[in-house]
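Structure data follow from start.cif (mmCIF, C-alpha atoms):
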```cif
data_model
loop_
_atom_site.group_PDB
_atom_site.id
_atom_site.type_symbol
_atom_site.label_atom_id
_atom_site.label_comp_id
_atom_site.auth_asym_id
_atom_site.auth_seq_id
_atom_site.Cartn_x
_atom_site.Cartn_y
_atom_site.Cartn_z
ATOM 1 C CA MET A 162 0.000 0.000 0.000
ATOM 2 C CA SER A 163 1.441 3.380 -1.020
ATOM 3 C CA ASN A 164 1.674 6.269 1.430
ATOM 4 C CA LEU A 165 -1.044 8.183 -0.441
ATOM 5 C CA THR A 166 -3.383 5.184 -0.411
ATOM 6 C CA MET A 167 -2.746 4.729 3.306
ATOM 7 C CA MET A 168 -3.469 8.414 3.993
ATOM 8 C CA VAL A 169 -6.693 8.256 1.977
ATOM 9 C CA ASP A 170 -7.786 5.261 4.071
ATOM 10 C CA ARG A 171 -6.922 7.008 7.350
ATOM 11 C CA LEU A 172 -8.777 10.192 6.358
ATOM 12 C CA LYS A 173 -11.802 8.076 5.444
ATOM 13 C CA GLN A 174 -11.685 6.538 8.916
ATOM 14 C CA LEU A 175 -11.890 10.081 10.307
ATOM 15 C CA GLY A 176 -15.026 10.866 8.305
ATOM 16 C CA LEU A 177 -13.932 12.100 4.874
ATOM 17 C CA SER A 178 -15.287 10.425 1.758
ATOM 18 C CA ASP A 179 -12.928 8.772 -0.704
ATOM 19 C CA ASP A 180 -13.232 11.697 -3.135
ATOM 20 C CA GLU A 181 -12.804 14.278 -0.361
ATOM 21 C CA ALA A 182 -9.642 12.597 0.917
ATOM 22 C CA LYS A 183 -8.099 12.377 -2.563
ATOM 23 C CA ALA A 184 -9.004 15.988 -3.398
ATOM 24 C CA TYR A 185 -7.557 17.308 -0.124
ATOM 25 C CA LEU A 186 -4.287 15.383 -0.549
ATOM 26 C CA THR A 187 -4.014 16.626 -4.126
ATOM 27 C CA LEU A 188 -4.210 20.205 -2.869
ATOM 28 C CA VAL A 189 -1.637 19.539 -0.128
ATOM 29 C CA ILE A 190 0.801 18.222 -2.726
ATOM 30 C CA ALA A 191 0.172 21.093 -5.155
ATOM 31 C CA ALA A 192 2.353 24.179 -4.897
ATOM 32 C CA ASN A 193 -0.396 26.619 -5.924
ATOM 33 C CA PRO A 194 -4.156 27.025 -5.554
ATOM 34 C CA MET A 195 -6.172 24.917 -8.008
ATOM 35 C CA ASP A 196 -9.620 25.118 -9.539
ATOM 36 C CA SER A 197 -12.103 22.251 -9.334
ATOM 37 C CA GLN A 198 -11.347 20.922 -12.812
ATOM 38 C CA GLU A 199 -7.627 20.721 -12.068
ATOM 39 C CA ILE A 200 -8.296 19.027 -8.730
ATOM 40 C CA GLY A 201 -10.688 16.535 -10.315
ATOM 41 C CA ARG A 202 -8.169 15.668 -12.996
ATOM 42 C CA ASP A 203 -5.189 15.210 -10.665
ATOM 43 C CA ALA A 204 -7.184 13.459 -7.925
ATOM 44 C CA SER A 205 -9.134 11.202 -10.319
ATOM 45 C CA VAL A 206 -12.428 12.501 -8.949
ATOM 46 C CA PRO A 207 -15.290 12.301 -11.508
ATOM 47 C CA ALA A 208 -16.200 15.634 -13.085
ATOM 48 C CA ALA A 209 -19.843 15.074 -12.155
ATOM 49 C CA SER A 210 -19.016 15.068 -8.431
ATOM 50 C CA ILE A 211 -15.998 17.336 -8.063
ATOM 51 C CA GLU A 212 -18.040 20.489 -7.312
ATOM 52 C CA GLU A 213 -20.001 18.655 -4.601
ATOM 53 C CA THR A 214 -16.748 17.247 -3.215
ATOM 54 C CA MET A 215 -15.123 20.677 -2.979
ATOM 55 C CA ALA A 216 -18.231 22.196 -1.395
ATOM 56 C CA ALA A 217 -18.111 19.455 1.248
ATOM 57 C CA LEU A 218 -14.424 20.130 1.963
ATOM 58 C CA VAL A 219 -15.138 23.860 2.322
ATOM 59 C CA ALA A 220 -17.994 23.081 4.721
ATOM 60 C CA ARG A 221 -15.671 20.854 6.766
ATOM 61 C CA GLY A 222 -13.129 23.668 6.970
ATOM 62 C CA ALA A 223 -10.562 21.493 5.184
ATOM 63 C CA VAL A 224 -10.003 23.879 2.254
ATOM 64 C CA LEU A 225 -10.366 27.603 1.613
ATOM 65 C CA ARG A 226 -12.108 28.954 -1.468
ATOM 66 C CA SER A 227 -11.091 32.155 -3.253
ATOM 67 C CA VAL A 228 -12.241 33.851 -6.471
ATOM 68 C CA THR A 229 -9.889 35.240 -9.120
ATOM 69 C CA PRO A 230 -10.472 38.703 -10.675
ATOM 70 C CA ALA A 231 -13.796 39.350 -12.402
ATOM 71 C CA ALA A 232 -12.409 38.808 -15.889
ATOM 72 C CA GLU A 233 -11.808 35.140 -15.111
ATOM 73 C CA PHE A 234 -14.143 34.551 -12.184
ATOM 74 C CA ARG A 235 -12.613 31.191 -11.403
ATOM 75 C CA GLU A 236 -12.933 29.649 -7.985
ATOM 76 C CA ARG A 237 -9.674 28.301 -6.659
ATOM 77 C CA TYR A 238 -9.002 26.197 -3.593
ATOM 78 C CA THR A 239 -6.193 26.127 -1.030
ATOM 79 C CA PRO A 240 -5.817 23.410 1.650
ATOM 80 C CA VAL A 241 -5.950 24.182 5.342
ATOM 81 C CA PRO A 242 -2.567 23.076 6.810
ATOM 82 C CA PRO A 243 -2.630 19.358 7.695
ATOM 83 C CA GLU A 244 -1.935 20.069 11.385
ATOM 84 C CA ALA A 245 -5.029 22.273 11.620
ATOM 85 C CA LEU A 246 -7.224 19.754 9.800
ATOM 86 C CA LEU A 247 -6.037 16.827 11.912
ATOM 87 C CA SER A 248 -6.612 18.811 15.097
ATOM 88 C CA ARG A 249 -10.178 19.574 14.035
ATOM 89 C CA LEU A 250 -10.877 15.979 12.959
ATOM 90 C CA SER A 251 -9.431 14.713 16.231
ATOM 91 C CA ARG A 252 -11.708 17.003 18.264
ATOM 92 C CA ASP A 253 -14.733 15.942 16.228
ATOM 93 C CA PHE A 254 -13.819 12.260 16.601
ATOM 94 C CA GLU A 255 -13.321 12.516 20.375
ATOM 95 C CA SER A 256 -16.574 14.455 20.712
ATOM 96 C CA SER A 257 -18.440 11.718 18.853
ATOM 97 C CA LEU A 258 -16.861 9.040 21.056
ATOM 98 C CA ALA A 259 -17.792 10.944 24.206
ATOM 99 C CA GLN A 260 -21.409 11.260 23.071
ATOM 100 C CA LEU A 261 -21.578 7.553 22.230
ATOM 101 C CA ARG A 262 -20.128 6.638 25.633
ATOM 102 C CA ASP A 263 -22.907 8.644 27.256
ATOM 103 C CA GLU A 264 -25.783 7.548 25.036
ATOM 104 C CA LEU A 265 -25.122 3.912 24.097
ATOM 105 C CA PRO A 266 -25.412 2.555 27.663
ATOM 106 C CA ARG A 267 -28.834 4.192 27.918
ATOM 107 C CA LEU A 268 -30.254 2.060 25.145
ATOM 108 C CA ARG A 269 -32.562 -0.598 26.449
ATOM 109 C CA VAL A 270 -32.484 -3.786 24.427
ATOM 110 C CA ILE A 271 -34.626 -6.776 25.326
ATOM 111 C CA ARG A 272 -32.172 -9.633 25.660
ATOM 112 C CA GLN A 273 -33.399 -13.002 24.492
ATOM 113 C CA THR A 274 -30.103 -14.841 24.876
ATOM 114 C CA TYR A 275 -26.685 -14.208 26.378
ATOM 115 C CA MET A 276 -23.299 -14.733 24.814
ATOM 116 C CA SER A 277 -20.993 -17.562 25.761
ATOM 117 C CA GLN A 278 -17.720 -18.331 23.989
ATOM 118 C CA ASN A 279 -15.403 -21.260 24.669
ATOM 119 C CA LEU A 280 -11.718 -20.381 25.024
ATOM 120 C CA ASP A 281 -9.521 -23.435 24.535
ATOM 121 C CA THR A 282 -6.026 -21.941 24.351
ATOM 122 C CA ARG A 283 -4.042 -19.799 26.754
ATOM 123 C CA SER A 284 -3.579 -17.089 24.121
ATOM 124 C CA ALA A 285 -7.339 -16.974 23.463
ATOM 125 C CA VAL A 286 -8.016 -16.577 27.191
ATOM 126 C CA LEU A 287 -5.460 -13.791 27.615
ATOM 127 C CA GLU A 288 -6.624 -11.971 24.480
ATOM 128 C CA ARG A 289 -10.253 -11.995 25.662
ATOM 129 C CA ALA A 290 -9.188 -10.917 29.160
ATOM 130 C CA ALA A 291 -7.247 -8.012 27.624
ATOM 131 C CA VAL A 292 -10.349 -6.965 25.651
ATOM 132 C CA LEU A 293 -12.411 -6.910 28.861
ATOM 133 C CA ILE A 294 -9.803 -4.866 30.732
ATOM 134 C CA ARG A 295 -9.533 -2.286 27.953
ATOM 135 C CA ALA A 296 -13.328 -2.063 27.616
ATOM 136 C CA ALA A 297 -13.981 -1.561 31.335
ATOM 137 C CA ARG A 298 -15.236 1.892 32.278
ATOM 138 C CA ARG A 299 -16.314 1.485 35.920
ATOM 139 C CA GLY A 300 -14.749 -1.484 37.657
ATOM 140 C CA ILE A 301 -12.768 -4.714 37.379
ATOM 141 C CA TRP A 302 -12.716 -7.695 39.740
ATOM 142 C CA ALA A 303 -9.978 -10.249 39.152
ATOM 143 C CA ALA A 304 -8.384 -13.350 40.669
ATOM 144 C CA ILE A 305 -5.003 -13.978 39.053
ATOM 145 C CA TRP A 306 -2.100 -16.379 39.634
ATOM 146 C CA PRO A 307 1.582 -15.651 38.919
ATOM 147 C CA GLY A 308 1.614 -17.412 35.544
ATOM 148 C CA GLU A 309 -0.778 -14.855 34.031
ATOM 149 C CA MET A 310 0.229 -11.773 35.989
ATOM 150 C CA PRO A 311 2.996 -10.569 33.593
ATOM 151 C CA ASP A 312 0.482 -10.494 30.728
ATOM 152 C CA LEU A 313 -2.295 -8.706 32.618
ATOM 153 C CA ALA A 314 -0.589 -6.437 35.184
ATOM 154 C CA PRO A 315 0.329 -3.663 32.683
ATOM 155 C CA LEU A 316 -3.236 -3.596 31.356
ATOM 156 C CA LEU A 317 -4.668 -3.406 34.874
ATOM 157 C CA ASP A 318 -2.335 -0.516 35.695
ATOM 158 C CA GLU A 319 -3.516 1.261 32.525
ATOM 159 C CA ALA A 320 -7.126 0.745 33.606
ATOM 160 C CA ARG A 321 -6.355 2.249 37.009
ATOM 161 C CA GLY A 322 -4.735 5.177 35.233
ATOM 162 C CA ALA A 323 -8.032 5.661 33.378
ATOM 163 C CA GLU A 324 -9.813 5.832 36.790
ATOM 164 C CA VAL A 325 -11.335 2.351 36.563
ATOM 165 C CA ASP A 326 -11.843 0.811 40.028
ATOM 166 C CA VAL A 327 -9.646 -2.319 39.929
ATOM 167 C CA THR A 328 -9.565 -4.951 42.686
ATOM 168 C CA VAL A 329 -7.252 -7.950 42.315
ATOM 169 C CA LEU A 330 -6.914 -11.135 44.381
ATOM 170 C CA LEU A 331 -3.396 -12.540 43.989
ATOM 171 C CA GLY A 332 -2.824 -16.273 44.247
ATOM 172 C CA GLY A 333 0.545 -17.790 45.071
ATOM 173 C CA GLU A 334 3.510 -15.513 45.631
ATOM 174 C CA ARG A 335 3.056 -11.772 45.685
ATOM 175 C CA SER A 336 3.337 -9.686 42.530
ATOM 176 C CA ASN A 337 4.291 -6.034 42.257
ATOM 177 C CA ILE A 338 1.020 -4.496 41.140
ATOM 178 C CA THR A 339 -0.351 -1.219 42.453
ATOM 179 C CA GLY A 340 -3.728 -0.365 43.899
ATOM 180 C CA ALA A 341 -6.312 -2.495 45.718
ATOM 181 C CA THR A 342 -4.523 -5.829 45.475
ATOM 182 C CA PHE A 343 -5.076 -8.621 48.016
ATOM 183 C CA TRP A 344 -2.696 -11.515 48.560
ATOM 184 C CA HIS A 345 -4.346 -14.930 49.019
ATOM 185 C CA ARG A 346 -1.650 -15.963 51.508
ATOM 186 C CA ASN A 347 -3.560 -19.027 52.797
ATOM 187 C CA ALA A 348 -3.676 -20.724 49.396
ATOM 188 C CA PRO A 349 -0.195 -21.808 48.279
ATOM 189 C CA HIS A 350 0.125 -22.564 44.591
ATOM 190 C CA ASP A 351 0.804 -26.289 45.051
ATOM 191 C CA SER A 352 -2.160 -26.822 47.373
ATOM 192 C CA VAL A 353 -4.547 -25.139 44.912
ATOM 193 C CA LEU A 354 -3.311 -27.335 42.073
ATOM 194 C CA ALA A 355 -3.722 -30.417 44.256
ATOM 195 C CA HIS A 356 -7.274 -29.408 45.206
ATOM 196 C CA LEU A 357 -8.643 -28.007 41.947
ATOM 197 C CA GLY A 358 -6.287 -29.470 39.399
ATOM 198 C CA TYR A 359 -5.941 -26.032 37.761
ATOM 199 C CA ARG A 360 -4.899 -22.524 38.616
ATOM 200 C CA LEU A 361 -7.869 -20.251 37.997
ATOM 201 C CA LEU A 362 -8.167 -16.919 36.228
ATOM 202 C CA VAL A 363 -11.379 -15.026 36.978
ATOM 203 C CA LEU A 364 -11.845 -11.543 35.554
ATOM 204 C CA ILE A 365 -15.004 -9.420 35.469
ATOM 205 C CA ALA A 366 -15.465 -6.050 33.767
ATOM 206 C CA ASP A 367 -18.190 -3.605 34.840
ATOM 207 C CA ASN A 368 -20.137 -6.455 36.471
ATOM 208 C CA ASN A 369 -21.518 -7.504 33.068
ATOM 209 C CA GLN A 370 -18.834 -9.585 31.320
ATOM 210 C CA ALA A 371 -16.508 -12.265 32.633
ATOM 211 C CA VAL A 372 -13.646 -14.522 31.619
ATOM 212 C CA ILE A 373 -13.193 -17.694 33.663
ATOM 213 C CA ALA A 374 -10.348 -20.055 32.826
ATOM 214 C CA GLY A 375 -8.166 -22.837 34.189
ATOM 215 C CA PHE A 376 -4.534 -23.616 33.372
ATOM 216 C CA GLN A 377 -2.561 -26.807 34.030
ATOM 217 C CA GLY A 378 0.596 -27.385 32.041
ATOM 218 C CA SER A 379 -0.257 -27.135 28.346
ATOM 219 C CA HIS A 380 -3.950 -27.743 28.977
ATOM 220 C CA THR A 381 -6.311 -24.752 29.082
ATOM 221 C CA TRP A 382 -10.063 -24.398 29.346
ATOM 222 C CA GLY A 383 -12.027 -21.201 29.558
ATOM 223 C CA VAL A 384 -15.187 -19.315 28.808
ATOM 224 C CA PHE A 385 -16.196 -15.729 28.089
ATOM 225 C CA THR A 386 -19.766 -14.836 28.990
ATOM 226 C CA ASP A 387 -22.144 -11.976 29.651
ATOM 227 C CA ASN A 388 -24.721 -14.232 31.305
ATOM 228 C CA PRO A 389 -25.624 -12.292 34.482
ATOM 229 C CA ALA A 390 -25.895 -15.455 36.596
ATOM 230 C CA VAL A 391 -22.358 -16.559 35.745
ATOM 231 C CA VAL A 392 -21.002 -13.014 36.032
ATOM 232 C CA LEU A 393 -22.548 -12.645 39.493
ATOM 233 C CA LEU A 394 -21.025 -15.934 40.642
ATOM 234 C CA ALA A 395 -17.634 -14.843 39.316
ATOM 235 C CA VAL A 396 -17.822 -11.525 41.185
ATOM 236 C CA GLU A 397 -18.805 -13.276 44.399
ATOM 237 C CA TYR A 398 -15.979 -15.800 43.991
ATOM 238 C CA VAL A 399 -13.456 -12.963 43.981
ATOM 239 C CA ARG A 400 -15.198 -10.982 46.751
ATOM 240 C CA ASN A 401 -15.585 -13.968 49.063
ATOM 241 C CA ASN A 402 -12.014 -15.135 48.557
ATOM 242 C CA ILE A 403 -10.803 -11.664 49.454
ATOM 243 C CA GLY A 404 -12.920 -11.629 52.602
ATOM 244 C CA SER A 405 -12.867 -15.185 53.913
ATOM 245 C CA PRO A 406 -9.323 -16.612 53.908
ATOM 246 C CA LEU A 407 -7.564 -13.675 55.530
ATOM 247 C CA THR A 408 -7.724 -12.459 59.095
ATOM 248 C CA GLU A 409 -6.806 -9.061 57.666
ATOM 249 C CA PRO A 410 -6.554 -7.969 54.025
ATOM 250 C CA THR A 411 -3.060 -7.668 52.639
ATOM 251 C CA VAL A 412 -2.927 -4.637 50.369
ATOM 252 C CA VAL A 413 0.087 -4.119 48.135
ATOM 253 C CA GLN A 414 0.972 -0.448 47.995
ATOM 254 C CA PRO A 415 3.087 1.114 45.226
ATOM 255 C CA ASP A 416 5.231 2.955 47.743
ATOM 256 C CA ASP A 417 5.551 0.188 50.353
ATOM 257 C CA PHE A 418 5.492 -3.192 48.673
ATOM 258 C CA GLY A 419 4.396 -5.914 51.024
ATOM 259 C CA SER A 420 2.894 -3.641 53.691
ATOM 260 C CA ARG A 421 -0.344 -4.599 55.383
ATOM 261 C CA ARG A 422 -3.239 -2.556 56.568
#
```

Encoded form (structure tokens):
Amino acid sequence: MSNLTMMVDRLKQLGLSDDEAKAYLTLVIAANPMDSQEIGRDASVPAASIEETMAALVARGAVLRSVTPAAEFRERYTPVPPEALLSRLSRDFESSLAQLRDELPRLRVIRQTYMSQNLDTRSAVLERAAVLIRAARRGIWAAIWPGEMPDLAPLLDEARGAEVDVTVLLGGERSNITGATFWHRNAPHDSVLAHLGYRLLVLIADNNQAVIAGFQGSHTWGVFTDNPAVVLLAVEYVRNNIGSPLTEPTVVQPDDFGSRR
């Protein structure tokens, strides 16, 4: 894919039509203002639509229109500098995202069925868990063992940085992760494997989606679901294991690793 083709595709993703993107880039490349016929020819925009295309670019604030002296009366176009256009498109894009974040959750859809997806490889489990972490907007509950912590800890820290309420129950040895993190000190790794046969990963995002998985050697099983019954059980598994096995919660602090309170 050429650079120009790539830039046309990226501008289309930001809301420009194919013809608008090609016409704008043609003007950016040109050294002088151009009229619509010249733009249409160089940008391969059909003559029947070039006037409509240029009017749309003017309305977007992507190009400026000027008129030559009365003897010629030819409209010519000059591009707004790319930095200014990208700044405007970025603001418009972020504004649209913000509105969708506010409005989409208010939609009320009658659910007939709930989603359930089997996850039969470790990579599939971790990829789906990463999707849930990145999608979370309010809160995350998680029970994680050391084998999966290196893959998920950076994502959980990013979620905390985005002001998502993250609570993690650590199995096995402690891991250096910030925030509300509880160490399941009464459940050594070997004893859990002997009892359950697997080390569990339980992760819930916004109390409406969950990944539950088990790992033992090369064998993995798992499920992603938004079934509220399963999600509720997953949340309570994490909550109860934080509350029941410890005489006092062990909270790992970023400034005092291993401290208790």

Requested in this report: Extract, using only C-alpha atoms, all DNA, RNA and protein residues at most 12 Å from segment 172-175 of chain A, discarding same-chain residues fewer than 6 positions from it, and format them as an NGL selection string.
Outcome: :A and (165-166 or 181-186 or 221 or 223 or 243 or 246-255 or 257-258)

Test item: the PyMOL selection byres ((chain A and resi 217) around 12) resolved as a PyMOL selection string: chain A and resi 176-178+180-182+184-185+210-216+218-226

Can you spit out the residues from that selection as a PDB file, keeping the file's coordinate frame, using C-alpha atoms?
```pdb
ATOM      1  CA  GLY A 176     -15.026  10.866   8.305  1.00  0.00           C
ATOM      2  CA  LEU A 177     -13.932  12.100   4.874  1.00  0.00           C
ATOM      3  CA  SER A 178     -15.287  10.425   1.758  1.00  0.00           C
ATOM      4  CA  ASP A 180     -13.232  11.697  -3.135  1.00  0.00           C
ATOM      5  CA  GLU A 181     -12.804  14.278  -0.361  1.00  0.00           C
ATOM      6  CA  ALA A 182      -9.642  12.597   0.917  1.00  0.00           C
ATOM      7  CA  ALA A 184      -9.004  15.988  -3.398  1.00  0.00           C
ATOM      8  CA  TYR A 185      -7.557  17.308  -0.124  1.00  0.00           C
ATOM      9  CA  SER A 210     -19.016  15.068  -8.431  1.00  0.00           C
ATOM     10  CA  ILE A 211     -15.998  17.336  -8.063  1.00  0.00           C
ATOM     11  CA  GLU A 212     -18.040  20.489  -7.312  1.00  0.00           C
ATOM     12  CA  GLU A 213     -20.001  18.655  -4.601  1.00  0.00           C
ATOM     13  CA  THR A 214     -16.748  17.247  -3.215  1.00  0.00           C
ATOM     14  CA  MET A 215     -15.123  20.677  -2.979  1.00  0.00           C
ATOM     15  CA  ALA A 216     -18.231  22.196  -1.395  1.00  0.00           C
ATOM     16  CA  LEU A 218     -14.424  20.130   1.963  1.00  0.00           C
ATOM     17  CA  VAL A 219     -15.138  23.860   2.322  1.00  0.00           C
ATOM     18  CA  ALA A 220     -17.994  23.081   4.721  1.00  0.00           C
ATOM     19  CA  ARG A 221     -15.671  20.854   6.766  1.00  0.00           C
ATOM     20  CA  GLY A 222     -13.129  23.668   6.970  1.00  0.00           C
ATOM     21  CA  ALA A 223     -10.562  21.493   5.184  1.00  0.00           C
ATOM     22  CA  VAL A 224     -10.003  23.879   2.254  1.00  0.00           C
ATOM     23  CA  LEU A 225     -10.366  27.603   1.613  1.00  0.00           C
ATOM     24  CA  ARG A 226     -12.108  28.954  -1.468  1.00  0.00           C
TER      25      ARG A 226
END
```

Result set, the PyMOL selection byres ((chain A and resi 356-373) around 6) on current file, as a PyMOL selection string = chain A and resi 293+297+299-305+353-355+374-377+383-387+392

Write a file of the selected residues as an mmCIF file, in the frame of the given file, keeping C-alpha atoms.
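What ended up in selection.cif:
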```cif
data_model
loop_
_atom_site.group_PDB
_atom_site.id
_atom_site.type_symbol
_atom_site.label_atom_id
_atom_site.label_comp_id
_atom_site.auth_asym_id
_atom_site.auth_seq_id
_atom_site.Cartn_x
_atom_site.Cartn_y
_atom_site.Cartn_z
ATOM 1 C CA LEU A 293 -12.411 -6.910 28.861
ATOM 2 C CA ALA A 297 -13.981 -1.561 31.335
ATOM 3 C CA ARG A 299 -16.314 1.485 35.920
ATOM 4 C CA GLY A 300 -14.749 -1.484 37.657
ATOM 5 C CA ILE A 301 -12.768 -4.714 37.379
ATOM 6 C CA TRP A 302 -12.716 -7.695 39.740
ATOM 7 C CA ALA A 303 -9.978 -10.249 39.152
ATOM 8 C CA ALA A 304 -8.384 -13.350 40.669
ATOM 9 C CA ILE A 305 -5.003 -13.978 39.053
ATOM 10 C CA VAL A 353 -4.547 -25.139 44.912
ATOM 11 C CA LEU A 354 -3.311 -27.335 42.073
ATOM 12 C CA ALA A 355 -3.722 -30.417 44.256
ATOM 13 C CA ALA A 374 -10.348 -20.055 32.826
ATOM 14 C CA GLY A 375 -8.166 -22.837 34.189
ATOM 15 C CA PHE A 376 -4.534 -23.616 33.372
ATOM 16 C CA GLN A 377 -2.561 -26.807 34.030
ATOM 17 C CA GLY A 383 -12.027 -21.201 29.558
ATOM 18 C CA VAL A 384 -15.187 -19.315 28.808
ATOM 19 C CA PHE A 385 -16.196 -15.729 28.089
ATOM 20 C CA THR A 386 -19.766 -14.836 28.990
ATOM 21 C CA ASP A 387 -22.144 -11.976 29.651
ATOM 22 C CA VAL A 392 -21.002 -13.014 36.032
#
```

Practice task
Determine the residue membership of the PyMOL selection byres ((chain A and resi 200) around 10) for the file above and supply it as number ranges by chain.
Solution key: A: 183-188, 191, 194-199, 201-206, 208, 211-212, 215, 237-238

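You can rank A:Leu268, A:Met168, A:Leu331, A:Val189 by their closest distance to Val399 of chain A using only C-alpha atoms, and at the top of that list sits A:Leu331.
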
Take the point (-25.8, -15.2, 28.9) as written in the file and pick out every residue within 9 Å of it, counting only C-alpha atoms; give the list as a VMD selection string. chain A and resid 274 to 277 386 to 392

- Query: Which one of A:Asp170, A:Glu397, A:Glu244, A:Glu319 sits closest to Arg298 of chain A if you count all atoms listed in the file?
  - Reply: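 Of A:Asp170, A:Glu397, A:Glu244, A:Glu319, the one nearest Arg298 of chain A is A:Glu319, counting all atoms listed in the file.
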
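Atom CA of Val169 of chain A lies 16.1 Å from atom CA of Pro242 of chain A.
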
message = One decimal, in Å: what's the spacing between atom CA of Trp382 of chain A and atom CA of Pro307 of chain A?
response =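 Pair atom CA of Trp382 of chain A / atom CA of Pro307 of chain A returns 17.4 Å.
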
At what distance in Å, to one decimal, does atom CA of Ile403 of chain A lie from atom CA of Leu330 of chain A?
->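 Value for the atom CA of Leu330 of chain A-atom CA of Ile403 of chain A distance: 6.4 Å.
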